[in-house]
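The data block below is run.cif; it holds mmCIF, C-alpha atoms and all ligand atoms; chains and numbers go by the auth columns.
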```
data_model
#
loop_
_atom_site.group_PDB
_atom_site.id
_atom_site.type_symbol
_atom_site.label_atom_id
_atom_site.label_comp_id
_atom_site.label_asym_id
_atom_site.label_seq_id
_atom_site.Cartn_x
_atom_site.Cartn_y
_atom_site.Cartn_z
_atom_site.B_iso_or_equiv
_atom_site.auth_seq_id
_atom_site.auth_asym_id
ATOM 1 C CA MET A 1 0.000 0.000 0.000 0.00 225 A
ATOM 2 C CA SER A 2 1.274 3.474 -0.798 0.00 226 A
ATOM 3 C CA ALA A 3 1.545 6.189 1.860 0.00 227 A
ATOM 4 C CA LEU A 4 -1.488 8.368 2.597 0.00 228 A
ATOM 5 C CA LEU A 5 0.686 11.510 2.460 0.00 229 A
ATOM 6 C CA LYS A 6 3.887 11.704 0.493 0.00 230 A
ATOM 7 C CA VAL A 7 6.035 14.830 0.312 0.00 231 A
ATOM 8 C CA GLU A 8 8.791 14.679 -2.304 0.00 232 A
ATOM 9 C CA ASN A 9 11.806 16.988 -2.635 0.00 233 A
ATOM 10 C CA ILE A 10 10.024 20.190 -1.677 0.00 234 A
ATOM 11 C CA ASP A 11 11.832 23.483 -2.273 0.00 235 A
ATOM 12 C CA ALA A 12 10.107 26.539 -0.798 0.00 236 A
ATOM 13 C CA PHE A 13 11.183 30.167 -0.798 0.00 237 A
ATOM 14 C CA TYR A 14 10.273 33.560 0.651 0.00 238 A
ATOM 15 C CA GLY A 15 11.601 35.841 -2.056 0.00 239 A
ATOM 16 C CA ASP A 16 15.201 34.770 -2.578 0.00 240 A
ATOM 17 C CA PHE A 17 15.449 33.037 0.779 0.00 241 A
ATOM 18 C CA GLN A 18 15.121 29.269 0.630 0.00 242 A
ATOM 19 C CA ALA A 19 13.285 28.107 3.770 0.00 243 A
ATOM 20 C CA VAL A 20 12.838 24.450 2.738 0.00 244 A
ATOM 21 C CA GLN A 21 15.324 22.473 0.697 0.00 245 A
ATOM 22 C CA GLN A 22 14.597 19.112 -0.929 0.00 246 A
ATOM 23 C CA ALA A 23 12.429 18.021 1.987 0.00 247 A
ATOM 24 C CA SER A 24 10.780 14.618 1.728 0.00 248 A
ATOM 25 C CA PHE A 25 8.714 12.570 4.144 0.00 249 A
ATOM 26 C CA GLU A 26 5.825 10.176 4.103 0.00 250 A
ATOM 27 C CA VAL A 27 3.001 9.130 6.369 0.00 251 A
ATOM 28 C CA ASP A 28 1.200 5.808 6.238 0.00 252 A
ATOM 29 C CA GLU A 29 -2.481 5.719 6.979 0.00 253 A
ATOM 30 C CA LYS A 30 -3.455 5.650 10.702 0.00 254 A
ATOM 31 C CA LYS A 31 0.084 6.443 11.878 0.00 255 A
ATOM 32 C CA ILE A 32 1.521 9.310 13.913 0.00 256 A
ATOM 33 C CA VAL A 33 4.559 10.925 12.299 0.00 257 A
ATOM 34 C CA SER A 34 6.574 13.747 13.852 0.00 258 A
ATOM 35 C CA VAL A 35 8.445 16.541 12.124 0.00 259 A
ATOM 36 C CA ILE A 36 10.899 17.834 14.708 0.00 260 A
ATOM 37 C CA GLY A 37 13.146 20.881 14.534 0.00 261 A
ATOM 38 C CA THR A 38 14.240 24.064 16.280 0.00 262 A
ATOM 39 C CA ASN A 39 12.700 27.460 15.632 0.00 263 A
ATOM 40 C CA GLY A 40 13.318 28.447 11.993 0.00 264 A
ATOM 41 C CA ALA A 41 14.015 24.905 10.721 0.00 265 A
ATOM 42 C CA GLY A 42 11.318 25.227 8.047 0.00 266 A
ATOM 43 C CA LYS A 43 8.576 23.122 9.642 0.00 267 A
ATOM 44 C CA THR A 44 5.749 25.637 9.288 0.00 268 A
ATOM 45 C CA THR A 45 6.821 26.474 5.745 0.00 269 A
ATOM 46 C CA LEU A 46 6.582 22.790 4.851 0.00 270 A
ATOM 47 C CA MET A 47 3.106 22.571 6.444 0.00 271 A
ATOM 48 C CA LYS A 48 2.004 25.617 4.440 0.00 272 A
ATOM 49 C CA VAL A 49 3.077 23.884 1.245 0.00 273 A
ATOM 50 C CA ILE A 50 1.165 20.729 2.238 0.00 274 A
ATOM 51 C CA GLY A 51 -1.935 22.757 3.144 0.00 275 A
ATOM 52 C CA GLY A 52 -1.872 24.789 -0.054 0.00 276 A
ATOM 53 C CA THR A 53 -1.243 28.202 1.491 0.00 277 A
ATOM 54 C CA LEU A 54 2.282 28.515 0.053 0.00 278 A
ATOM 55 C CA ALA A 55 3.343 27.392 -3.419 0.00 279 A
ATOM 56 C CA ALA A 56 6.488 25.262 -3.563 0.00 280 A
ATOM 57 C CA ARG A 57 9.086 26.119 -6.181 0.00 281 A
ATOM 58 C CA GLY A 58 9.942 22.468 -6.636 0.00 282 A
ATOM 59 C CA GLY A 59 8.794 19.046 -5.545 0.00 283 A
ATOM 60 C CA LYS A 60 5.497 17.234 -5.190 0.00 284 A
ATOM 61 C CA VAL A 61 2.851 16.541 -2.571 0.00 285 A
ATOM 62 C CA TRP A 62 0.733 13.402 -2.886 0.00 286 A
ATOM 63 C CA PHE A 63 -2.324 12.692 -0.759 0.00 287 A
ATOM 64 C CA ALA A 64 -4.661 9.719 -1.082 0.00 288 A
ATOM 65 C CA ASP A 65 -2.981 8.765 -4.371 0.00 289 A
ATOM 66 C CA ARG A 66 -3.578 12.202 -5.900 0.00 290 A
ATOM 67 C CA ASP A 67 -0.963 14.750 -6.878 0.00 291 A
ATOM 68 C CA ILE A 68 -2.202 17.755 -4.861 0.00 292 A
ATOM 69 C CA THR A 69 0.810 19.983 -5.584 0.00 293 A
ATOM 70 C CA GLY A 70 -0.389 23.553 -6.078 0.00 294 A
ATOM 71 C CA TRP A 71 -4.019 22.762 -5.231 0.00 295 A
ATOM 72 C CA PRO A 72 -5.993 25.463 -3.404 0.00 296 A
ATOM 73 C CA THR A 73 -6.594 24.827 0.304 0.00 297 A
ATOM 74 C CA TYR A 74 -10.348 24.216 0.030 0.00 298 A
ATOM 75 C CA LYS A 75 -9.780 21.348 -2.425 0.00 299 A
ATOM 76 C CA ILE A 76 -7.104 19.816 -0.184 0.00 300 A
ATOM 77 C CA VAL A 77 -9.461 20.002 2.814 0.00 301 A
ATOM 78 C CA GLU A 78 -12.207 18.469 0.700 0.00 302 A
ATOM 79 C CA LEU A 79 -9.923 15.509 0.023 0.00 303 A
ATOM 80 C CA GLY A 80 -9.519 15.007 3.791 0.00 304 A
ATOM 81 C CA LEU A 81 -6.289 16.795 4.699 0.00 305 A
ATOM 82 C CA SER A 82 -6.687 19.462 7.412 0.00 306 A
ATOM 83 C CA GLN A 83 -4.360 21.686 9.387 0.00 307 A
ATOM 84 C CA VAL A 84 -4.279 22.981 12.935 0.00 308 A
ATOM 85 C CA PRO A 85 -2.035 25.951 12.184 0.00 309 A
ATOM 86 C CA GLU A 86 0.637 27.320 14.477 0.00 310 A
ATOM 87 C CA GLY A 87 -0.577 29.650 17.215 0.00 311 A
ATOM 88 C CA GLY A 88 -4.094 28.256 17.637 0.00 312 A
ATOM 89 C CA LYS A 89 -5.657 30.862 15.420 0.00 313 A
ATOM 90 C CA VAL A 90 -9.368 31.385 15.989 0.00 314 A
ATOM 91 C CA PHE A 91 -11.880 33.989 14.856 0.00 315 A
ATOM 92 C CA ALA A 92 -11.792 35.995 18.083 0.00 316 A
ATOM 93 C CA ARG A 93 -15.129 37.796 17.771 0.00 317 A
ATOM 94 C CA MET A 94 -17.083 34.751 16.663 0.00 318 A
ATOM 95 C CA SER A 95 -18.491 32.312 19.192 0.00 319 A
ATOM 96 C CA VAL A 96 -16.883 28.942 19.847 0.00 320 A
ATOM 97 C CA MET A 97 -19.686 27.214 17.940 0.00 321 A
ATOM 98 C CA GLU A 98 -19.439 29.583 14.983 0.00 322 A
ATOM 99 C CA ASN A 99 -15.712 28.877 14.848 0.00 323 A
ATOM 100 C CA LEU A 100 -16.400 25.157 14.780 0.00 324 A
ATOM 101 C CA ILE A 101 -19.080 25.436 12.096 0.00 325 A
ATOM 102 C CA MET A 102 -16.548 27.327 9.939 0.00 326 A
ATOM 103 C CA GLY A 103 -14.671 24.039 9.677 0.00 327 A
ATOM 104 C CA SER A 104 -17.510 22.220 7.965 0.00 328 A
ATOM 105 C CA TYR A 105 -17.959 24.302 4.837 0.00 329 A
ATOM 106 C CA THR A 106 -16.781 21.655 2.371 0.00 330 A
ATOM 107 C CA PRO A 107 -19.225 19.225 0.734 0.00 331 A
ATOM 108 C CA ARG A 108 -17.242 16.400 2.357 0.00 332 A
ATOM 109 C CA ALA A 109 -18.099 17.755 5.811 0.00 333 A
ATOM 110 C CA ARG A 110 -21.459 19.472 5.419 0.00 334 A
ATOM 111 C CA SER A 111 -23.821 16.509 5.605 0.00 335 A
ATOM 112 C CA GLY A 112 -22.126 15.146 8.723 0.00 336 A
ATOM 113 C CA ALA A 113 -21.672 18.514 10.435 0.00 337 A
ATOM 114 C CA LYS A 114 -24.139 17.829 13.227 0.00 338 A
ATOM 115 C CA ALA A 115 -22.532 14.512 14.144 0.00 339 A
ATOM 116 C CA SER A 116 -19.073 16.068 13.895 0.00 340 A
ATOM 117 C CA LEU A 117 -20.088 18.833 16.298 0.00 341 A
ATOM 118 C CA GLU A 118 -21.289 16.239 18.815 0.00 342 A
ATOM 119 C CA ARG A 119 -18.002 14.396 18.421 0.00 343 A
ATOM 120 C CA VAL A 120 -16.012 17.597 19.062 0.00 344 A
ATOM 121 C CA TYR A 121 -18.118 18.347 22.156 0.00 345 A
ATOM 122 C CA GLU A 122 -17.534 14.799 23.392 0.00 346 A
ATOM 123 C CA LEU A 123 -13.798 15.170 22.913 0.00 347 A
ATOM 124 C CA PHE A 124 -13.716 18.632 24.519 0.00 348 A
ATOM 125 C CA PRO A 125 -16.751 19.051 26.828 0.00 349 A
ATOM 126 C CA MET A 126 -15.450 22.492 27.759 0.00 350 A
ATOM 127 C CA LEU A 127 -16.224 23.692 24.212 0.00 351 A
ATOM 128 C CA LYS A 128 -19.865 22.732 24.671 0.00 352 A
ATOM 129 C CA GLU A 129 -20.030 24.698 27.927 0.00 353 A
ATOM 130 C CA LYS A 130 -18.549 27.736 26.200 0.00 354 A
ATOM 131 C CA ALA A 131 -20.287 27.252 22.843 0.00 355 A
ATOM 132 C CA GLY A 132 -21.881 30.707 22.866 0.00 356 A
ATOM 133 C CA GLN A 133 -18.855 32.573 24.192 0.00 357 A
ATOM 134 C CA ALA A 134 -16.548 34.655 21.974 0.00 358 A
ATOM 135 C CA ALA A 135 -13.511 32.528 21.073 0.00 359 A
ATOM 136 C CA GLY A 136 -11.238 35.493 21.818 0.00 360 A
ATOM 137 C CA SER A 137 -12.188 35.288 25.499 0.00 361 A
ATOM 138 C CA LEU A 138 -10.771 31.769 25.899 0.00 362 A
ATOM 139 C CA SER A 139 -7.387 30.751 27.326 0.00 363 A
ATOM 140 C CA GLY A 140 -4.550 29.662 25.011 0.00 364 A
ATOM 141 C CA GLY A 141 -5.228 25.974 25.629 0.00 365 A
ATOM 142 C CA GLN A 142 -8.948 26.389 25.043 0.00 366 A
ATOM 143 C CA ARG A 143 -8.265 28.257 21.788 0.00 367 A
ATOM 144 C CA GLN A 144 -6.102 25.332 20.666 0.00 368 A
ATOM 145 C CA MET A 145 -9.042 23.049 21.411 0.00 369 A
ATOM 146 C CA VAL A 146 -11.243 25.235 19.207 0.00 370 A
ATOM 147 C CA ALA A 147 -8.626 25.005 16.438 0.00 371 A
ATOM 148 C CA ILE A 148 -8.500 21.206 16.776 0.00 372 A
ATOM 149 C CA GLY A 149 -12.298 21.070 16.829 0.00 373 A
ATOM 150 C CA ARG A 150 -12.486 23.178 13.683 0.00 374 A
ATOM 151 C CA ALA A 151 -10.116 20.815 11.880 0.00 375 A
ATOM 152 C CA LEU A 152 -12.213 17.845 13.024 0.00 376 A
ATOM 153 C CA MET A 153 -15.364 19.454 11.646 0.00 377 A
ATOM 154 C CA SER A 154 -13.961 18.960 8.137 0.00 378 A
ATOM 155 C CA ASN A 155 -14.140 15.164 8.606 0.00 379 A
ATOM 156 C CA PRO A 156 -10.410 14.730 7.937 0.00 380 A
ATOM 157 C CA ARG A 157 -8.447 11.578 7.187 0.00 381 A
ATOM 158 C CA LEU A 158 -5.230 13.337 8.221 0.00 382 A
ATOM 159 C CA ILE A 159 -4.524 16.323 10.476 0.00 383 A
ATOM 160 C CA CYS A 160 -1.260 18.290 10.669 0.00 384 A
ATOM 161 C CA PHE A 161 -0.724 19.841 14.111 0.00 385 A
ATOM 162 C CA ASP A 162 1.803 22.676 13.964 0.00 386 A
ATOM 163 C CA GLU A 163 3.372 23.197 17.414 0.00 387 A
ATOM 164 C CA ILE A 164 0.154 22.634 19.264 0.00 388 A
ATOM 165 C CA SER A 165 1.918 22.804 22.639 0.00 389 A
ATOM 166 C CA LEU A 166 3.612 26.173 22.150 0.00 390 A
ATOM 167 C CA GLY A 167 3.078 28.377 25.190 0.00 391 A
ATOM 168 C CA LEU A 168 0.738 25.986 26.985 0.00 392 A
ATOM 169 C CA ALA A 169 0.991 24.743 30.572 0.00 393 A
ATOM 170 C CA PRO A 170 2.300 21.151 30.953 0.00 394 A
ATOM 171 C CA THR A 171 -1.030 19.795 32.222 0.00 395 A
ATOM 172 C CA VAL A 172 -2.868 21.309 29.250 0.00 396 A
ATOM 173 C CA ILE A 173 -0.281 19.863 26.859 0.00 397 A
ATOM 174 C CA LYS A 174 -0.713 16.436 28.418 0.00 398 A
ATOM 175 C CA ASP A 175 -4.463 16.659 27.985 0.00 399 A
ATOM 176 C CA ILE A 176 -4.255 17.795 24.353 0.00 400 A
ATOM 177 C CA TYR A 177 -1.768 15.027 23.526 0.00 401 A
ATOM 178 C CA ALA A 178 -4.126 12.468 25.058 0.00 402 A
ATOM 179 C CA ARG A 179 -6.887 13.748 22.770 0.00 403 A
ATOM 180 C CA ILE A 180 -4.586 13.532 19.740 0.00 404 A
ATOM 181 C CA ARG A 181 -3.752 9.907 20.581 0.00 405 A
ATOM 182 C CA GLN A 182 -7.466 9.223 20.963 0.00 406 A
ATOM 183 C CA LEU A 183 -8.179 10.660 17.500 0.00 407 A
ATOM 184 C CA ASN A 184 -5.424 8.485 16.088 0.00 408 A
ATOM 185 C CA ALA A 185 -6.936 5.417 17.776 0.00 409 A
ATOM 186 C CA GLU A 186 -10.214 6.331 16.066 0.00 410 A
ATOM 187 C CA GLY A 187 -8.447 6.145 12.694 0.00 411 A
ATOM 188 C CA ILE A 188 -7.186 9.653 11.949 0.00 412 A
ATOM 189 C CA THR A 189 -3.644 9.897 10.603 0.00 413 A
ATOM 190 C CA ILE A 190 -1.515 12.471 12.431 0.00 414 A
ATOM 191 C CA VAL A 191 1.412 14.712 11.507 0.00 415 A
ATOM 192 C CA LEU A 192 2.877 16.259 14.631 0.00 416 A
ATOM 193 C CA VAL A 193 5.158 19.260 14.184 0.00 417 A
ATOM 194 C CA GLU A 194 7.124 19.830 17.368 0.00 418 A
ATOM 195 C CA GLN A 195 10.204 21.406 18.902 0.00 419 A
ATOM 196 C CA ASP A 196 10.095 19.062 21.885 0.00 420 A
ATOM 197 C CA VAL A 197 12.216 16.005 20.984 0.00 421 A
ATOM 198 C CA LYS A 198 11.245 13.912 23.992 0.00 422 A
ATOM 199 C CA ARG A 199 7.519 14.429 23.717 0.00 423 A
ATOM 200 C CA SER A 200 7.482 13.834 19.937 0.00 424 A
ATOM 201 C CA LEU A 201 9.472 10.612 20.132 0.00 425 A
ATOM 202 C CA LYS A 202 7.177 9.353 22.867 0.00 426 A
ATOM 203 C CA THR A 203 4.085 9.939 20.741 0.00 427 A
ATOM 204 C CA CYS A 204 5.042 9.056 17.172 0.00 428 A
ATOM 205 C CA GLU A 205 5.977 5.886 15.296 0.00 429 A
ATOM 206 C CA THR A 206 8.255 7.637 12.820 0.00 430 A
ATOM 207 C CA ALA A 207 10.147 10.908 13.148 0.00 431 A
ATOM 208 C CA TYR A 208 11.770 13.303 10.700 0.00 432 A
ATOM 209 C CA ILE A 209 14.250 15.839 12.021 0.00 433 A
ATOM 210 C CA MET A 210 14.635 19.126 10.164 0.00 434 A
ATOM 211 C CA LEU A 211 17.579 21.505 10.357 0.00 435 A
ATOM 212 C CA LYS A 212 17.966 24.689 8.313 0.00 436 A
ATOM 213 C CA GLY A 213 15.309 23.682 5.809 0.00 437 A
ATOM 214 C CA LYS A 214 16.492 20.115 5.282 0.00 438 A
ATOM 215 C CA VAL A 215 15.416 16.755 6.621 0.00 439 A
ATOM 216 C CA VAL A 216 18.669 15.625 8.234 0.00 440 A
ATOM 217 C CA LEU A 217 17.568 12.463 10.020 0.00 441 A
ATOM 218 C CA SER A 218 14.597 10.124 10.008 0.00 442 A
ATOM 219 C CA GLY A 219 13.609 6.771 11.382 0.00 443 A
ATOM 220 C CA LYS A 220 11.283 4.736 13.544 0.00 444 A
ATOM 221 C CA SER A 221 11.107 6.380 16.956 0.00 445 A
ATOM 222 C CA LYS A 222 12.005 3.097 18.670 0.00 446 A
ATOM 223 C CA ASP A 223 15.294 3.063 16.717 0.00 447 A
ATOM 224 C CA LEU A 224 16.123 6.732 17.374 0.00 448 A
ATOM 225 C CA THR A 225 17.753 7.664 20.656 0.00 449 A
ATOM 226 C CA GLU A 226 17.115 11.044 22.209 0.00 450 A
ATOM 227 C CA ASP A 227 20.843 11.673 21.935 0.00 451 A
ATOM 228 C CA THR A 228 21.092 11.003 18.160 0.00 452 A
ATOM 229 C CA VAL A 229 18.008 13.092 17.514 0.00 453 A
ATOM 230 C CA SER A 230 19.267 15.967 19.661 0.00 454 A
ATOM 231 C CA LYS A 231 22.566 16.027 17.786 0.00 455 A
ATOM 232 C CA ALA A 232 20.811 16.190 14.403 0.00 456 A
ATOM 233 C CA TYR A 233 18.387 18.751 15.822 0.00 457 A
ATOM 234 C CA PHE A 234 21.157 21.116 16.849 0.00 458 A
ATOM 235 C CA GLY A 235 23.396 20.264 13.863 0.00 459 A
ATOM 236 C CA MET A 236 26.207 18.846 15.990 0.00 460 A
HETATM 237 N N1 LIG B . 6.735 35.046 5.765 0.00 1 B
HETATM 238 C C1 LIG B . 8.058 34.892 5.781 0.00 1 B
HETATM 239 N N2 LIG B . 8.870 35.730 5.088 0.00 1 B
HETATM 240 C C2 LIG B . 10.212 35.569 5.092 0.00 1 B
HETATM 241 N N3 LIG B . 10.861 34.595 5.761 0.00 1 B
HETATM 242 C C3 LIG B . 10.110 33.749 6.466 0.00 1 B
HETATM 243 C C4 LIG B . 8.672 33.834 6.511 0.00 1 B
HETATM 244 N N4 LIG B . 8.198 32.845 7.296 0.00 1 B
HETATM 245 C C5 LIG B . 9.288 32.163 7.707 0.00 1 B
HETATM 246 N N5 LIG B . 10.427 32.694 7.221 0.00 1 B
HETATM 247 C C6 LIG B . 11.794 32.192 7.449 0.00 1 B
HETATM 248 O O1 LIG B . 11.866 30.872 6.924 0.00 1 B
HETATM 249 C C7 LIG B . 12.612 30.025 7.800 0.00 1 B
HETATM 250 C C8 LIG B . 11.733 28.855 8.215 0.00 1 B
HETATM 251 O O2 LIG B . 10.661 29.339 8.986 0.00 1 B
HETATM 252 P P1 LIG B . 9.500 28.405 9.522 0.00 1 B
HETATM 253 O O3 LIG B . 9.045 27.523 8.424 0.00 1 B
HETATM 254 O O4 LIG B . 8.500 29.266 10.160 0.00 1 B
HETATM 255 O O5 LIG B . 10.298 27.544 10.601 0.00 1 B
HETATM 256 P P2 LIG B . 9.749 26.710 11.857 0.00 1 B
HETATM 257 O O6 LIG B . 8.295 26.521 11.697 0.00 1 B
HETATM 258 O O7 LIG B . 10.516 25.419 11.809 0.00 1 B
HETATM 259 O O8 LIG B . 10.107 27.503 13.063 0.00 1 B
HETATM 260 C C9 LIG B . 13.084 30.895 8.946 0.00 1 B
HETATM 261 O O9 LIG B . 14.396 31.319 8.664 0.00 1 B
HETATM 262 C C10 LIG B . 12.110 32.061 8.929 0.00 1 B
HETATM 263 O O10 LIG B . 12.720 33.234 9.415 0.00 1 B
HETATM 264 MG MG MG B . 6.755 26.988 12.971 0.00 2 B
#
```
Could you spell out this file's structure in structure tokens?
Amino acid sequence: MSALLKVENIDAFYGDFQAVQQASFEVDEKKIVSVIGTNGAGKTTLMKVIGGTLAARGGKVWFADRDITGWPTYKIVELGLSQVPEGGKVFARMSVMENLIMGSYTPRARSGAKASLERVYELFPMLKEKAGQAAGSLSGGQRQMVAIGRALMSNPRLICFDEISLGLAPTVIKDIYARIRQLNAEGITIVLVEQDVKRSLKTCETAYIMLKGKVVLSGKSKDLTEDTVSKAYFGM
């Protein structure tokens, strides 16, 4: 069986600056794969290319046996690939529920929107309690839950989480990671972008380490030691 997501030799630029260089990785269905790297390694840039918000200058992205390179975001989401972008971005003035409903605009999601909303409320009961409240009034962790909920509303086969734990308290991080593992157990394929080597290795089956725009090391997490990964991570 071929991989659900396959990223091949991606080159991505901001003007003349090359932020991602020949990056490749792949994710089999129902797995958790980590992309690990320090600040500025090119992780978010790579996620933007996958999600269709930044055009690559070279390389290909395959999802569900389709070449989605250069596709607009709405078509990529319609195919079942969703993002929880860095920083837990929500529509601050809209209510929690309105934010969630925003995630179900594609034909793929629309008919099941009601069931999806129930599922999100089951996963994060707090969101049901605060359904009518402006999303901007929530804490950082709660906003991340809204962002995860919004991605789930699109009925995704795969979700990319870009530094979901950034700036959150350890207990909140633990809780969110437990929910991510639960979603994976329910059949959703996960790409976990992280700076935290230890936490990523603990959660994923396969890890890719990025440094200065390149994938410098990859392997099954059980075969990678924290020491080898840390050395690649810091370029030592
Ligand atoms: N909008 C942008 N314009 C110019 N340079 C950018 C932009 N976004 C990111 N970069 C640069 O691209 C490199 C990779 O950034 P990014 O993909 O955000 O890394 P990461 O997510 O791993 O921290 C960094 O050197 C960063 O400064
Ligand atoms: Mg980033």
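Residue nearest Thr330 of chain A within the list A:Arg367, A:Lys299, A:Lys436, A:Arg403: A:Lys299 [criterion: smallest interatomic distance, only C-alpha atoms].
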Cut-off 12 Å around (-0.2, -0.6, 2.4) with only C-alpha atoms: residues as a PyMOL selection string: chain A and resi 225-228+251-255+288-289
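Distance check against ligand LIG 1 (chain B) using all atoms listed in the file: of A:Pro296, A:Gly437, A:Gly391, A:Gly327, the minimum falls on A:Gly437.
Proximity ranking of A:Lys352, A:Arg332, A:Arg343, A:Lys267 relative to Pro309 of chain A places A:Lys267 first, based on only C-alpha atoms.
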Residue members of the PyMOL selection byres (((not hetatm)) within 12 of (chain B and resi 1)) in the file shown, as a PyMOL selection string: chain A and resi 235-245+247+259-273+277-278+309-311+385-388+390+416-420+433-439+457
C-alpha atoms of the current selection, written as a PDB file, in the frame of the given file:
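part_9.pdb, written as the output of this step:
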```pdb
ATOM      1  CA  ASP A 235      11.832  23.483  -2.273  1.00  0.00           C
ATOM      2  CA  ALA A 236      10.107  26.539  -0.798  1.00  0.00           C
ATOM      3  CA  PHE A 237      11.183  30.167  -0.798  1.00  0.00           C
ATOM      4  CA  TYR A 238      10.273  33.560   0.651  1.00  0.00           C
ATOM      5  CA  GLY A 239      11.601  35.841  -2.056  1.00  0.00           C
ATOM      6  CA  ASP A 240      15.201  34.770  -2.578  1.00  0.00           C
ATOM      7  CA  PHE A 241      15.449  33.037   0.779  1.00  0.00           C
ATOM      8  CA  GLN A 242      15.121  29.269   0.630  1.00  0.00           C
ATOM      9  CA  ALA A 243      13.285  28.107   3.770  1.00  0.00           C
ATOM     10  CA  VAL A 244      12.838  24.450   2.738  1.00  0.00           C
ATOM     11  CA  GLN A 245      15.324  22.473   0.697  1.00  0.00           C
ATOM     12  CA  ALA A 247      12.429  18.021   1.987  1.00  0.00           C
ATOM     13  CA  VAL A 259       8.445  16.541  12.124  1.00  0.00           C
ATOM     14  CA  ILE A 260      10.899  17.834  14.708  1.00  0.00           C
ATOM     15  CA  GLY A 261      13.146  20.881  14.534  1.00  0.00           C
ATOM     16  CA  THR A 262      14.240  24.064  16.280  1.00  0.00           C
ATOM     17  CA  ASN A 263      12.700  27.460  15.632  1.00  0.00           C
ATOM     18  CA  GLY A 264      13.318  28.447  11.993  1.00  0.00           C
ATOM     19  CA  ALA A 265      14.015  24.905  10.721  1.00  0.00           C
ATOM     20  CA  GLY A 266      11.318  25.227   8.047  1.00  0.00           C
ATOM     21  CA  LYS A 267       8.576  23.122   9.642  1.00  0.00           C
ATOM     22  CA  THR A 268       5.749  25.637   9.288  1.00  0.00           C
ATOM     23  CA  THR A 269       6.821  26.474   5.745  1.00  0.00           C
ATOM     24  CA  LEU A 270       6.582  22.790   4.851  1.00  0.00           C
ATOM     25  CA  MET A 271       3.106  22.571   6.444  1.00  0.00           C
ATOM     26  CA  LYS A 272       2.004  25.617   4.440  1.00  0.00           C
ATOM     27  CA  VAL A 273       3.077  23.884   1.245  1.00  0.00           C
ATOM     28  CA  THR A 277      -1.243  28.202   1.491  1.00  0.00           C
ATOM     29  CA  LEU A 278       2.282  28.515   0.053  1.00  0.00           C
ATOM     30  CA  PRO A 309      -2.035  25.951  12.184  1.00  0.00           C
ATOM     31  CA  GLU A 310       0.637  27.320  14.477  1.00  0.00           C
ATOM     32  CA  GLY A 311      -0.577  29.650  17.215  1.00  0.00           C
ATOM     33  CA  PHE A 385      -0.724  19.841  14.111  1.00  0.00           C
ATOM     34  CA  ASP A 386       1.803  22.676  13.964  1.00  0.00           C
ATOM     35  CA  GLU A 387       3.372  23.197  17.414  1.00  0.00           C
ATOM     36  CA  ILE A 388       0.154  22.634  19.264  1.00  0.00           C
ATOM     37  CA  LEU A 390       3.612  26.173  22.150  1.00  0.00           C
ATOM     38  CA  LEU A 416       2.877  16.259  14.631  1.00  0.00           C
ATOM     39  CA  VAL A 417       5.158  19.260  14.184  1.00  0.00           C
ATOM     40  CA  GLU A 418       7.124  19.830  17.368  1.00  0.00           C
ATOM     41  CA  GLN A 419      10.204  21.406  18.902  1.00  0.00           C
ATOM     42  CA  ASP A 420      10.095  19.062  21.885  1.00  0.00           C
ATOM     43  CA  ILE A 433      14.250  15.839  12.021  1.00  0.00           C
ATOM     44  CA  MET A 434      14.635  19.126  10.164  1.00  0.00           C
ATOM     45  CA  LEU A 435      17.579  21.505  10.357  1.00  0.00           C
ATOM     46  CA  LYS A 436      17.966  24.689   8.313  1.00  0.00           C
ATOM     47  CA  GLY A 437      15.309  23.682   5.809  1.00  0.00           C
ATOM     48  CA  LYS A 438      16.492  20.115   5.282  1.00  0.00           C
ATOM     49  CA  VAL A 439      15.416  16.755   6.621  1.00  0.00           C
ATOM     50  CA  TYR A 457      18.387  18.751  15.822  1.00  0.00           C
TER      51      TYR A 457
END
```
